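Coordinates from upload_29.csv are shown below (CSV, C-alpha atoms).
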chain,number,residue,atom,x,y,z
A,4,MET,CA,16.4,127.6,189.2
A,5,LEU,CA,15.3,131.2,188.8
A,6,LEU,CA,18.1,131.8,186.4
A,7,ARG,CA,17.1,128.9,184.2
A,8,LEU,CA,13.5,130.1,184.3
A,9,LEU,CA,14.7,133.6,183.3
A,10,PHE,CA,16.7,132.2,180.3
A,11,GLN,CA,13.7,130.1,179.2
A,12,THR,CA,11.4,133.0,179.4
A,13,VAL,CA,13.7,135.3,177.5
A,14,GLY,CA,14.1,132.6,174.8
A,15,LEU,CA,10.3,132.2,174.7
A,16,ALA,CA,9.9,136.0,174.3
A,17,LEU,CA,12.4,136.1,171.5
A,18,SER,CA,10.7,133.2,169.7
A,19,THR,CA,7.4,135.1,170.1
A,20,VAL,CA,9.0,138.2,168.6
A,21,TRP,CA,10.5,136.2,165.7
A,22,ALA,CA,7.2,134.5,165.0
A,23,SER,CA,5.4,137.8,164.5
A,24,LYS,CA,8.2,140.1,163.4
A,25,VAL,CA,6.1,142.9,161.8
A,26,ARG,CA,3.8,143.2,164.8
A,27,ALA,CA,6.8,143.1,167.2
A,28,MET,CA,8.6,145.8,165.2
A,29,LEU,CA,5.5,148.0,165.2
A,30,THR,CA,5.2,147.4,168.9
A,31,MET,CA,8.8,148.4,169.6
A,32,LEU,CA,8.6,151.4,167.3
A,33,GLY,CA,8.1,153.9,170.1
A,34,ILE,CA,11.0,152.4,172.1
A,35,ILE,CA,13.2,152.4,169.0
A,36,VAL,CA,12.4,156.1,168.4
A,37,ALA,CA,13.0,157.0,172.0
A,38,ALA,CA,16.4,155.2,172.3
A,39,PHE,CA,17.5,156.6,168.9
A,40,SER,CA,16.6,160.1,170.1
A,41,VAL,CA,18.5,159.7,173.3
A,42,VAL,CA,21.8,158.5,171.9
A,43,SER,CA,21.8,160.5,168.7
A,44,THR,CA,21.0,163.7,170.5
A,45,ILE,CA,23.6,163.2,173.1
A,46,GLY,CA,26.1,162.2,170.4
A,47,PHE,CA,25.4,165.4,168.4
A,48,MET,CA,25.4,167.5,171.6
A,49,THR,CA,28.8,166.1,172.5
A,50,GLY,CA,30.2,166.9,169.1
A,51,ALA,CA,28.7,170.4,169.0
A,52,LYS,CA,29.9,171.1,172.5
A,53,GLN,CA,33.5,170.0,171.7
A,54,TYR,CA,33.4,172.1,168.5
A,55,VAL,CA,32.3,175.3,170.3
A,56,LEU,CA,34.8,174.8,173.2
A,57,ASP,CA,37.6,174.3,170.6
A,58,GLN,CA,36.5,177.6,169.0
A,59,PHE,CA,36.5,179.3,172.3
A,60,GLU,CA,40.0,178.0,173.0
A,61,THR,CA,41.3,179.6,169.9
A,62,PHE,CA,40.6,183.0,171.5
A,63,GLY,CA,42.8,182.2,174.5
A,64,ALA,CA,41.8,180.9,177.9
A,65,ASN,CA,43.1,183.8,179.9
A,66,LYS,CA,42.0,186.7,177.8
A,67,VAL,CA,40.0,189.5,179.4
A,68,TRP,CA,38.0,192.2,177.6
A,69,ILE,CA,37.1,195.6,179.1
A,70,PHE,CA,34.7,197.7,177.1
A,71,PRO,CA,32.2,200.5,177.5
A,72,ARG,CA,28.7,199.4,178.2
A,73,ARG,CA,25.4,201.1,179.0
A,74,PRO,CA,23.7,199.8,182.1
A,75,GLU,CA,20.7,197.6,181.4
A,76,GLY,CA,17.4,199.5,181.5
A,77,GLN,CA,19.2,202.8,181.5
A,78,ARG,CA,20.5,203.0,178.0
A,79,ASP,CA,18.9,206.4,177.3
A,80,ARG,CA,20.5,207.9,180.4
A,81,TYR,CA,24.1,207.6,179.3
A,82,SER,CA,25.7,209.0,176.1
A,83,PHE,CA,28.6,207.2,174.6
A,84,ARG,CA,30.9,210.1,175.7
A,85,GLN,CA,30.0,209.3,179.3
A,86,ILE,CA,30.8,205.6,179.1
A,87,ARG,CA,33.7,205.5,176.7
A,88,LEU,CA,37.1,204.4,177.9
A,89,THR,CA,39.8,207.0,178.2
A,90,LYS,CA,43.5,206.6,177.8
A,91,ASP,CA,44.1,207.6,181.5
A,92,GLN,CA,41.8,204.7,182.6
A,93,ALA,CA,43.5,202.3,180.3
A,94,ASP,CA,46.9,203.4,181.6
A,95,GLY,CA,45.8,203.0,185.2
A,96,ILE,CA,44.4,199.4,185.0
A,97,LEU,CA,47.6,197.4,184.9
A,98,PRO,CA,49.3,199.1,188.0
A,99,ASN,CA,46.1,198.6,190.0
A,100,CYS,CA,45.2,195.1,188.9
A,101,PRO,CA,47.9,192.6,190.0
A,102,SER,CA,46.1,189.6,188.5
A,103,LEU,CA,46.6,191.0,185.0
A,104,ALA,CA,49.9,190.4,183.2
A,105,ARG,CA,49.6,192.8,180.3
A,106,LEU,CA,47.0,194.7,178.3
A,107,SER,CA,46.6,196.7,175.1
A,108,PRO,CA,43.9,199.2,174.1
A,109,VAL,CA,42.6,198.4,170.7
A,110,MET,CA,41.4,201.3,168.5
A,111,GLU,CA,39.5,200.3,165.4
A,112,LEU,CA,39.3,202.5,162.3
A,113,SER,CA,38.1,202.0,158.8
A,114,ALA,CA,40.4,203.9,156.5
A,115,GLN,CA,41.5,204.1,152.9
A,116,ILE,CA,45.0,202.7,152.3
A,117,GLN,CA,47.1,203.1,149.2
A,118,PHE,CA,50.3,201.5,147.8
A,119,LYS,CA,51.5,203.3,144.6
A,120,ASP,CA,48.4,203.3,142.3
A,121,THR,CA,46.5,200.6,144.2
A,122,ILE,CA,43.8,202.0,146.5
A,123,LYS,CA,41.6,200.1,148.8
A,124,ASP,CA,38.8,201.7,150.8
A,125,PHE,CA,37.3,200.8,154.2
A,126,VAL,CA,40.2,198.7,155.3
A,127,ARG,CA,40.3,197.6,159.0
A,128,VAL,CA,43.0,199.5,160.7
A,129,GLN,CA,43.7,198.8,164.4
A,130,GLY,CA,45.7,200.9,166.8
A,131,ILE,CA,47.5,198.6,169.3
A,132,ARG,CA,50.4,198.5,171.8
A,133,PRO,CA,53.4,196.1,171.7
A,134,ASP,CA,51.8,193.8,174.3
A,135,TRP,CA,49.0,193.0,171.8
A,136,HIS,CA,51.3,190.5,170.1
A,137,ALA,CA,51.7,188.4,173.2
A,138,ILE,CA,48.0,188.6,174.2
A,139,GLU,CA,46.6,187.7,170.8
A,140,ASN,CA,49.4,185.2,170.0
A,141,ARG,CA,49.6,186.4,166.4
A,142,SER,CA,53.1,186.0,165.2
A,143,VAL,CA,54.9,188.3,162.8
A,144,THR,CA,56.1,186.1,159.9
A,145,LEU,CA,58.4,188.7,158.3
A,146,GLY,CA,60.0,191.9,159.7
A,147,ARG,CA,59.5,192.9,163.3
A,148,THR,CA,56.8,193.4,165.9
A,149,PHE,CA,55.9,196.8,167.4
A,150,GLN,CA,58.4,198.1,169.9
A,151,PRO,CA,57.9,200.5,172.9
A,152,THR,CA,59.7,203.2,171.0
A,153,ASP,CA,57.1,203.0,168.2
A,154,GLU,CA,54.4,203.9,170.8
A,155,ALA,CA,56.5,206.4,172.8
A,156,GLU,CA,57.6,208.4,169.7
A,157,ARG,CA,54.4,207.9,167.8
A,158,LEU,CA,56.2,206.6,164.8
A,159,GLN,CA,54.3,206.2,161.6
A,160,VAL,CA,55.0,202.5,161.1
A,161,CYS,CA,52.6,199.7,160.4
A,162,LEU,CA,52.1,196.0,160.1
A,163,ILE,CA,50.0,194.4,157.5
A,164,ASN,CA,48.6,190.9,157.2
A,165,ASP,CA,49.1,188.4,154.3
A,166,LYS,CA,45.7,189.2,152.8
A,167,GLY,CA,46.6,192.9,152.7
A,168,VAL,CA,49.9,192.2,150.9
A,169,GLN,CA,48.0,190.2,148.3
A,170,GLU,CA,45.2,192.7,147.8
A,171,LEU,CA,47.5,195.7,147.5
A,172,SER,CA,49.9,193.9,145.2
A,173,LEU,CA,52.8,194.5,147.6
A,174,PRO,CA,56.2,192.8,147.0
A,175,ALA,CA,56.8,189.5,148.8
A,176,ASP,CA,59.0,191.4,151.3
A,177,PRO,CA,57.1,194.7,151.8
A,178,THR,CA,59.2,195.8,154.8
A,179,GLY,CA,60.4,199.3,154.3
A,180,GLU,CA,57.8,200.1,151.7
A,181,PRO,CA,55.7,203.2,152.1
A,182,LEU,CA,51.9,202.9,152.6
A,183,LEU,CA,49.4,205.7,152.8
A,184,ILE,CA,46.8,205.3,155.6
A,185,ALA,CA,44.1,207.9,155.7
A,186,GLY,CA,46.4,210.1,153.7
A,187,ARG,CA,49.3,209.7,156.1
A,188,ARG,CA,52.6,208.1,155.0
A,189,PHE,CA,53.5,205.0,157.1
A,190,THR,CA,56.4,202.6,156.7
A,191,ILE,CA,55.7,198.8,156.7
A,192,VAL,CA,57.8,197.1,159.3
A,193,GLY,CA,56.4,193.6,159.2
A,194,ILE,CA,53.7,191.1,158.1
A,195,VAL,CA,51.3,189.6,160.6
A,196,GLU,CA,49.8,186.2,160.1
A,197,THR,CA,46.2,186.3,158.9
A,198,LEU,CA,43.7,185.3,161.6
A,199,GLN,CA,41.1,182.6,160.7
A,200,VAL,CA,38.0,183.4,162.7
A,201,SER,CA,35.2,180.8,162.9
A,202,PRO,CA,31.9,181.8,161.3
A,203,MET,CA,30.1,181.2,164.6
A,204,PHE,CA,32.1,184.3,166.0
A,205,GLY,CA,31.3,186.4,163.0
A,206,GLY,CA,34.3,185.4,161.0
A,207,GLY,CA,34.3,184.5,157.3
A,208,GLU,CA,36.6,185.2,154.4
A,209,PRO,CA,39.9,186.7,155.7
A,210,GLN,CA,40.1,190.5,155.2
A,211,SER,CA,43.0,192.9,154.8
A,212,GLU,CA,44.2,194.2,158.2
A,213,VAL,CA,46.6,197.0,159.0
A,214,PHE,CA,48.0,197.7,162.5
A,215,ILE,CA,49.5,200.9,163.7
A,216,PRO,CA,50.8,202.0,167.1
A,217,PHE,CA,48.0,203.1,169.4
A,218,ALA,CA,49.5,206.5,170.1
A,219,THR,CA,50.0,207.1,166.4
A,220,GLY,CA,46.4,206.3,165.9
A,221,GLU,CA,45.4,209.0,168.3
A,222,MET,CA,46.9,211.5,165.8
A,223,ILE,CA,44.3,210.3,163.3
A,224,GLN,CA,41.4,210.1,165.8
A,225,PRO,CA,42.0,212.4,168.7
A,226,GLU,CA,39.2,211.0,170.8
A,227,PRO,CA,39.4,207.3,169.9
A,228,ARG,CA,36.8,204.7,170.6
A,229,PHE,CA,38.5,201.7,171.8
A,230,TYR,CA,38.2,198.6,174.0
A,231,ILE,CA,40.9,196.9,176.0
A,232,VAL,CA,42.1,193.4,175.7
A,233,ALA,CA,44.1,192.1,178.6
A,234,GLN,CA,45.7,188.8,179.7
A,235,SER,CA,45.4,187.5,183.3
A,236,LYS,CA,48.4,185.8,184.9
A,237,ALA,CA,46.4,182.5,184.9
A,238,PRO,CA,43.0,181.4,183.6
A,239,ASP,CA,41.7,180.7,187.1
A,240,LEU,CA,42.5,184.3,188.1
A,241,PHE,CA,39.7,185.8,186.1
A,242,GLU,CA,37.4,186.4,189.1
A,243,ASP,CA,40.2,188.2,190.9
A,244,ALA,CA,41.0,190.2,187.7
A,245,LYS,CA,37.4,191.1,187.3
A,246,ALA,CA,37.0,192.3,190.9
A,247,GLU,CA,40.2,194.4,190.6
A,248,VAL,CA,39.2,196.0,187.3
A,249,THR,CA,35.7,196.7,188.5
A,250,PHE,CA,37.0,198.3,191.7
A,251,TYR,CA,39.5,200.4,189.8
A,252,MET,CA,37.1,201.5,187.0
A,253,ARG,CA,34.4,202.5,189.4
A,254,LYS,CA,36.9,204.5,191.4
A,255,ALA,CA,38.3,206.1,188.3
A,256,ARG,CA,34.8,207.0,187.1
A,257,ASN,CA,33.7,208.3,190.5
A,258,LEU,CA,30.7,206.0,190.5
A,259,MET,CA,28.5,206.1,193.6
A,260,PRO,CA,27.6,202.8,195.4
A,261,ASP,CA,24.0,203.0,194.0
A,262,GLU,CA,25.1,203.7,190.5
A,263,PRO,CA,25.5,200.8,188.0
A,264,ASP,CA,28.7,199.9,186.1
A,265,THR,CA,29.2,201.8,182.9
A,266,PHE,CA,31.7,199.3,181.5
A,267,GLY,CA,31.9,195.5,181.0
A,268,VAL,CA,34.5,193.0,182.0
A,269,GLU,CA,34.3,189.6,180.3
A,270,ALA,CA,36.4,186.5,179.8
A,271,ILE,CA,36.3,183.3,177.8
A,272,ASP,CA,35.2,181.5,181.0
A,273,GLN,CA,32.0,183.4,181.1
A,274,PHE,CA,31.2,182.6,177.4
A,275,ILE,CA,32.0,179.0,178.1
A,276,ALA,CA,29.8,178.9,181.2
A,277,GLY,CA,27.0,180.6,179.2
A,278,PHE,CA,27.3,178.0,176.5
A,279,LYS,CA,27.2,175.1,179.0
A,280,ARG,CA,24.0,176.5,180.5
A,281,ILE,CA,22.4,176.7,177.1
A,282,ALA,CA,23.6,173.1,176.3
A,283,GLY,CA,22.2,171.9,179.6
A,284,PHE,CA,18.8,173.6,178.9
A,285,LEU,CA,18.6,172.1,175.4
A,286,THR,CA,19.5,168.7,176.9
A,287,GLY,CA,16.6,169.1,179.4
A,288,ILE,CA,14.2,169.9,176.6
A,289,VAL,CA,15.3,166.8,174.7
A,290,ALA,CA,15.0,164.7,177.9
A,291,VAL,CA,11.3,165.8,178.1
A,292,LEU,CA,10.6,164.9,174.5
A,293,VAL,CA,12.4,161.5,174.9
A,294,GLY,CA,10.3,160.9,178.0
A,295,ILE,CA,7.1,161.5,176.0
A,296,SER,CA,8.4,159.0,173.4
A,297,LEU,CA,9.0,156.4,176.1
A,298,VAL,CA,5.5,156.8,177.5
A,299,VAL,CA,4.1,156.4,174.0
A,300,GLY,CA,6.3,153.4,173.4
A,301,GLY,CA,5.4,151.9,176.7
A,302,ILE,CA,1.7,152.2,176.0
A,303,GLY,CA,2.3,150.3,172.8
A,304,ILE,CA,4.1,147.6,174.7
A,305,MET,CA,1.3,147.4,177.2
A,306,ASN,CA,-1.4,147.1,174.5
A,307,ILE,CA,0.5,144.3,172.7
A,308,MET,CA,1.1,142.5,176.0
A,309,LEU,CA,-2.7,142.7,176.8
A,310,VAL,CA,-3.4,141.2,173.3
A,311,SER,CA,-0.8,138.5,174.0
A,312,VAL,CA,-2.5,137.7,177.3
A,313,SER,CA,-5.8,137.4,175.6
A,314,GLU,CA,-4.4,135.2,172.8
A,315,ARG,CA,-2.7,132.9,175.3
A,316,THR,CA,-5.4,132.6,177.9
A,317,ARG,CA,-5.8,128.9,177.4
A,318,GLU,CA,-2.1,128.4,177.5
A,319,ILE,CA,-2.0,130.2,180.8
A,320,GLY,CA,-4.9,128.1,182.2
A,321,LEU,CA,-3.1,124.9,181.1
A,322,ARG,CA,0.1,125.9,182.8
A,323,LYS,CA,-1.7,126.8,186.0
A,324,ALA,CA,-3.6,123.5,185.9
A,325,VAL,CA,-0.3,121.6,185.9
A,326,GLY,CA,1.0,123.6,188.8
A,327,ALA,CA,2.5,126.8,187.6
A,328,ARG,CA,2.4,129.4,190.3
A,329,PRO,CA,1.0,133.0,189.7
A,330,ASP,CA,4.3,134.6,190.4
A,331,ILE,CA,5.9,132.4,187.6
A,332,ILE,CA,3.2,133.5,185.1
A,333,LEU,CA,3.7,137.2,186.2
A,334,LEU,CA,7.5,136.8,185.7
A,335,GLN,CA,7.0,135.3,182.3
A,336,PHE,CA,5.0,138.1,180.9
A,337,LEU,CA,7.0,140.8,182.7
A,338,VAL,CA,10.2,139.4,181.2
A,339,GLU,CA,8.6,139.3,177.7
A,340,ALA,CA,7.7,143.0,178.0
A,341,VAL,CA,11.2,143.9,179.2
A,342,THR,CA,12.8,141.8,176.5
A,343,LEU,CA,10.7,143.6,173.9
A,344,CYS,CA,11.7,147.0,175.3
A,345,ILE,CA,15.4,146.1,175.5
A,346,LEU,CA,15.4,144.8,172.0
A,347,GLY,CA,13.7,148.0,170.8
A,348,GLY,CA,16.3,150.0,172.8
A,349,THR,CA,19.1,148.1,171.2
A,350,ILE,CA,17.8,148.7,167.7
A,351,GLY,CA,17.4,152.4,168.4
A,352,LEU,CA,20.9,152.5,169.9
A,353,LEU,CA,22.5,150.9,166.8
A,354,LEU,CA,20.6,153.4,164.5
A,355,GLY,CA,21.8,156.3,166.7
A,356,GLU,CA,25.4,155.0,166.5
A,357,GLY,CA,25.1,154.8,162.7
A,358,VAL,CA,23.8,158.4,162.4
A,359,VAL,CA,26.5,159.8,164.7
A,360,LEU,CA,29.2,157.9,162.8
A,361,ILE,CA,27.9,159.4,159.5
A,362,ALA,CA,27.9,162.9,161.1
A,363,ARG,CA,31.5,162.3,162.2
A,364,ILE,CA,33.0,161.2,158.9
A,365,ILE,CA,31.4,163.8,156.7
A,366,PRO,CA,34.2,166.0,155.3
A,367,ASP,CA,34.6,169.4,157.1
A,368,SER,CA,31.9,168.4,159.5
A,369,PRO,CA,31.7,170.5,162.7
A,370,LEU,CA,30.6,167.3,164.5
A,371,LYS,CA,33.9,165.5,164.2
A,372,GLY,CA,34.0,165.1,168.0
A,373,ALA,CA,30.5,163.5,168.0
A,374,MET,CA,30.4,160.4,170.1
A,375,ILE,CA,28.0,158.5,172.3
A,376,PRO,CA,29.5,158.2,175.7
A,377,PRO,CA,29.1,154.8,177.6
A,378,TRP,CA,26.8,156.4,180.2
A,379,ALA,CA,24.3,157.4,177.4
A,380,ILE,CA,24.2,153.8,176.1
A,381,ALA,CA,23.6,152.5,179.7
A,382,LEU,CA,21.0,155.2,180.2
A,383,ALA,CA,19.1,154.3,177.0
A,384,LEU,CA,19.0,150.6,177.9
A,385,LEU,CA,18.1,151.3,181.5
A,386,PHE,CA,15.2,153.5,180.5
A,387,SER,CA,14.1,150.9,177.9
A,388,ALA,CA,14.1,148.2,180.5
A,389,GLY,CA,12.3,150.4,183.0
A,390,THR,CA,9.6,151.2,180.5
A,391,GLY,CA,9.1,147.4,180.0
A,392,VAL,CA,8.8,146.9,183.8
A,393,VAL,CA,6.3,149.8,184.3
A,394,PHE,CA,4.1,149.1,181.3
A,395,GLY,CA,4.4,145.4,181.3
A,396,MET,CA,3.3,145.0,184.9
A,397,PHE,CA,-0.4,145.5,184.3
A,398,PRO,CA,-0.7,142.7,181.6
A,399,ALA,CA,1.5,140.5,183.7
A,400,ILE,CA,-0.6,140.9,186.8
A,401,LYS,CA,-3.7,140.3,184.7
A,402,ALA,CA,-2.3,137.0,183.4
A,403,ALA,CA,-1.1,136.0,186.9
A,404,ARG,CA,-4.6,136.5,188.3
A,405,LEU,CA,-6.5,134.4,185.7
A,406,ASP,CA,-8.6,131.6,187.1
A,407,PRO,CA,-7.3,128.3,185.5
A,408,ILE,CA,-10.8,126.9,185.0
A,409,ASP,CA,-12.1,130.1,183.3
A,410,ALA,CA,-8.9,130.3,181.3
A,411,LEU,CA,-9.3,126.8,180.0
A,412,ARG,CA,-12.9,127.6,179.0
A,413,HIS,CA,-11.7,130.7,177.1
A,414,GLU,CA,-12.3,130.5,173.3
Whole structure, structure tokens version:
Amino acid sequence: MLLRLLFQTVGLALSTVWASKVRAMLTMLGIIVAAFSVVSTIGFMTGAKQYVLDQFETFGANKVWIFPRRPEGQRDRYSFRQIRLTKDQADGILPNCPSLARLSPVMELSAQIQFKDTIKDFVRVQGIRPDWHAIENRSVTLGRTFQPTDEAERLQVCLINDKGVQELSLPADPTGEPLLIAGRRFTIVGIVETLQVSPMFGGGEPQSEVFIPFATGEMIQPEPRFYIVAQSKAPDLFEDAKAEVTFYMRKARNLMPDEPDTFGVEAIDQFIAGFKRIAGFLTGIVAVLVGISLVVGGIGIMNIMLVSVSERTREIGLRKAVGARPDIILLQFLVEAVTLCILGGTIGLLLGEGVVLIARIIPDSPLKGAMIPPWAIALALLFSAGTGVVFGMFPAIKAARLDPIDALRHE
């Protein structure tokens, strides 16, 4: 009985909407905007989150960076000489940190390089150790990687990337060719694949890169400025690795318990966690804005339902005169309000799906992973229905409490 009444009421509500389509559409506009905002924002956030996480993954899930850092609020107290990493500290980390598998200091120089008559200024030259290849997972496409003997004997050998080969007009197989780096003669032993870095991490057009043994680089720059890139034995060992590195570095630098760290230890996990916090904060802001839209839409629904009660006062009086109970009248108007809200929510949902689909199929779109999860669809419809219940209750109660005689006299 109740189910049949429910279906009849929904049908009546839909026929009312169809009879006054423009007014109904304007009434539902707030709900449409709110539902559209919910699903499209969640869809875009899902795509953006997937894009950022994919970019993070390209850096390696178990990489750890150790670098000099001035303590917050005490930047004027420490000179760079006081906080810079030293070779002895770099050499002592691996034996004292069992959670780390390998590491390499990375010295960065900007130098002039020359092949025959071709000269290129301000080329990025990095001093690295052999373990760098495994940590960065950058393969050598031709020739060989650096060997421990290159580091131990400070050999003047180098690797160059594809872009460097092209810009210096080197032969297709440049191994064995001489290359002048900062006026010193090096021998090319291999080609490293060019790294494509996302623009969100400061990347852009690939640049020429040259790599030399770290120890050889110390001959060019006796007090090198460098950072350390390391690899933990497993991604979930980062916290252990951080604690071990922090303990060792504080001890190596003779820092007292009340003195802050003069170095930093970071991993991909920290960046990912930071991004997730930002994403959660943005989602919270969007939720507040959507809530405001729902309130505005709900007020519109309440107004139109009050108008509907006023227009159908005689109808309500007639129904009560033939025996309709107040709770049936209340249910009728409440269902009409909920139907309007769910209909508006469905329209907003379809519009949101369309926008997310467009964002996904645009060529080279960073939102290719954009999608509206099922829980977001359920949430949008649930909030739409809830808005109908909350804001439709007052007009429904008003209709249910009408006196049948007064209602029949209503003009």
Close residues, range 170-183 of chain A itself excluded, 7 Å, only C-alpha atoms, min 6 positions apart in chain, as a list in words: Ile116, Gln117, Phe118, Thr121, Gly146, Phe189, Thr190, Ile191, Val192 and Gly193 of chain A
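Interatomic distance, CA of Asp91 in chain A to CA of Glu75 in chain A: 25.4 Å.
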Do a neighbour search on Pro238 in chain A at 8 Å with only C-alpha atoms, toss out local chain neighbours closer than 3 positions, and write the hits as a PDB file with C-alpha atoms, in the frame of the given file.
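out19.pdb, written as the output of this step:
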ATOM      1  CA  ALA A  64      41.800 180.900 177.900  1.00  0.00           C
ATOM      2  CA  ASN A  65      43.100 183.800 179.900  1.00  0.00           C
ATOM      3  CA  LYS A  66      42.000 186.700 177.800  1.00  0.00           C
ATOM      4  CA  SER A 235      45.400 187.500 183.300  1.00  0.00           C
ATOM      5  CA  PHE A 241      39.700 185.800 186.100  1.00  0.00           C
TER       6      PHE A 241
END
Closest pair table for range 32-52 of chain A residues within 9 Å of range 332-347 of chain A, only C-alpha atoms, as a Markdown table:
| residue | atom | partner | partner_atom | distance |
| --- | --- | --- | --- | --- |
| A:Leu32 | CA | A:Gly347 | CA | 7.1 |
| A:Gly33 | CA | A:Gly347 | CA | 8.2 |
| A:Ile34 | CA | A:Gly347 | CA | 5.3 |
| A:Ile35 | CA | A:Gly347 | CA | 4.8 |
| A:Val36 | CA | A:Gly347 | CA | 8.5 |
| A:Ala38 | CA | A:Gly347 | CA | 7.8 |
If we count all atoms listed in the file and set the cut-off at 9 Å, which residues sit around Asp264 in chain A, ignoring sequence neighbours fewer than 6 positions away in its own chain? Please answer as number ranges by chain. A: 72-74, 249, 252-253, 258
Give the answer as one residue: which of A:Leu17, A:Leu198, A:Ala185, A:Ile307 has the shortest atom-to-atom distance to Leu29 in chain A, using all atoms listed in the file?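 Among the listed residues, the smallest separation from Leu29 in chain A belongs to A:Ile307.
Picture a line from CA of Phe10 in chain A to CA of Pro407 in chain A; it runs 24.9 Å.
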Selection: 7 Å around range 43-45 of chain A, all atoms listed in the file, excl. self and same-chain fewer than 4 positions, as number ranges by chain: A: 39, 49, 355-356, 358-359, 375
Expressed in Å to a single decimal, how great is the separation between CA of Gly14 in chain A and CA of Met31 in chain A?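 Taking CA of Gly14 in chain A and CA of Met31 in chain A, their separation equals 17.5 Å.
If you measure from each of A:Ala233, A:Ile163, A:Ile288, A:Ala402 to Ser311 in chain A using all atoms listed in the file, the closest one turns out to be A:Ala402.
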Fewer than 2 positions away in the same chain doesn't count, so skip those; otherwise give me all residues within 12 Å of Lys323 in chain A, counting only C-alpha atoms, as a PDB file with C-alpha atoms, in the coordinates of the input.
ATOM      1  CA  THR A 316      -5.400 132.600 177.900  1.00  0.00           C
ATOM      2  CA  ARG A 317      -5.800 128.900 177.400  1.00  0.00           C
ATOM      3  CA  GLU A 318      -2.100 128.400 177.500  1.00  0.00           C
ATOM      4  CA  ILE A 319      -2.000 130.200 180.800  1.00  0.00           C
ATOM      5  CA  GLY A 320      -4.900 128.100 182.200  1.00  0.00           C
ATOM      6  CA  LEU A 321      -3.100 124.900 181.100  1.00  0.00           C
ATOM      7  CA  VAL A 325      -0.300 121.600 185.900  1.00  0.00           C
ATOM      8  CA  GLY A 326       1.000 123.600 188.800  1.00  0.00           C
ATOM      9  CA  ALA A 327       2.500 126.800 187.600  1.00  0.00           C
ATOM     10  CA  ARG A 328       2.400 129.400 190.300  1.00  0.00           C
ATOM     11  CA  PRO A 329       1.000 133.000 189.700  1.00  0.00           C
ATOM     12  CA  ASP A 330       4.300 134.600 190.400  1.00  0.00           C
ATOM     13  CA  ILE A 331       5.900 132.400 187.600  1.00  0.00           C
ATOM     14  CA  ILE A 332       3.200 133.500 185.100  1.00  0.00           C
ATOM     15  CA  LEU A 333       3.700 137.200 186.200  1.00  0.00           C
ATOM     16  CA  ALA A 402      -2.300 137.000 183.400  1.00  0.00           C
ATOM     17  CA  ALA A 403      -1.100 136.000 186.900  1.00  0.00           C
ATOM     18  CA  ARG A 404      -4.600 136.500 188.300  1.00  0.00           C
ATOM     19  CA  LEU A 405      -6.500 134.400 185.700  1.00  0.00           C
ATOM     20  CA  ASP A 406      -8.600 131.600 187.100  1.00  0.00           C
ATOM     21  CA  PRO A 407      -7.300 128.300 185.500  1.00  0.00           C
ATOM     22  CA  ILE A 408     -10.800 126.900 185.000  1.00  0.00           C
ATOM     23  CA  ASP A 409     -12.100 130.100 183.300  1.00  0.00           C
ATOM     24  CA  ALA A 410      -8.900 130.300 181.300  1.00  0.00           C
ATOM     25  CA  LEU A 411      -9.300 126.800 180.000  1.00  0.00           C
TER      26      LEU A 411
END
In terms of the shortest atom-to-atom distance over all atoms listed in the file, which of A:Gln234, A:Ser23, A:Thr144, A:Gln53 is closest to Ser107 in chain A?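 Checking each candidate against Ser107 in chain A, we get A:Gln234 as the closest.
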For Asn164 in chain A, which residue among A:Glu226, A:Asp120, A:Glu196, A:Glu242 is the nearest when counting all atoms listed in the file?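 Between A:Glu226, A:Asp120, A:Glu196, A:Glu242, the residue approaching Asn164 in chain A most closely is A:Glu196.
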Of the residues A:Ser211, A:Ser40, A:Ile184, A:Ala362, which is the one nearest to Ala383 in chain A, using all atoms listed in the file?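 Using all atoms listed in the file, Ala383 in chain A sits closest to A:Ser40.
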Around (23.8, 197.3, 188.4), as given in the file, which residues come within 10 Å? Count all atoms listed in the file and list them as a PyMOL selection string. chain A and resi 74-77+260-265
Restricting the calculation to only C-alpha atoms: of A:Val42, A:Met110, A:Ile400, A:Val310, which residue gets closest to Gly357 in chain A? A:Val42
Can you save range 232-238 of chain A of the given block to a file, including N, CA and C atoms and formatted as a short mmCIF file (atom, residue, chain, number, x, y, z; two decimals), in the first residue's frame?
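Written output follows (result-v2.cif):
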data_model
loop_
_atom_site.label_atom_id
_atom_site.label_comp_id
_atom_site.auth_asym_id
_atom_site.auth_seq_id
_atom_site.Cartn_x
_atom_site.Cartn_y
_atom_site.Cartn_z
N VAL A 232 72.33 11.00 -2.83
CA VAL A 232 71.12 10.25 -3.16
C VAL A 232 71.38 8.80 -2.78
N ALA A 233 70.47 8.23 -2.02
CA ALA A 233 70.64 6.86 -1.53
C ALA A 233 69.40 6.04 -1.86
N GLN A 234 69.51 4.77 -1.63
CA GLN A 234 68.39 3.86 -1.90
C GLN A 234 68.21 2.95 -0.69
N SER A 235 67.02 2.96 -0.13
CA SER A 235 66.76 2.06 1.01
C SER A 235 66.52 0.65 0.49
N LYS A 236 66.67 -0.32 1.38
CA LYS A 236 66.51 -1.72 0.96
C LYS A 236 65.07 -2.04 0.61
N ALA A 237 64.12 -1.25 1.11
CA ALA A 237 62.70 -1.41 0.77
C ALA A 237 62.01 -0.07 1.02
N PRO A 238 60.94 0.25 0.26
CA PRO A 238 60.27 1.54 0.46
C PRO A 238 59.77 1.76 1.88
#
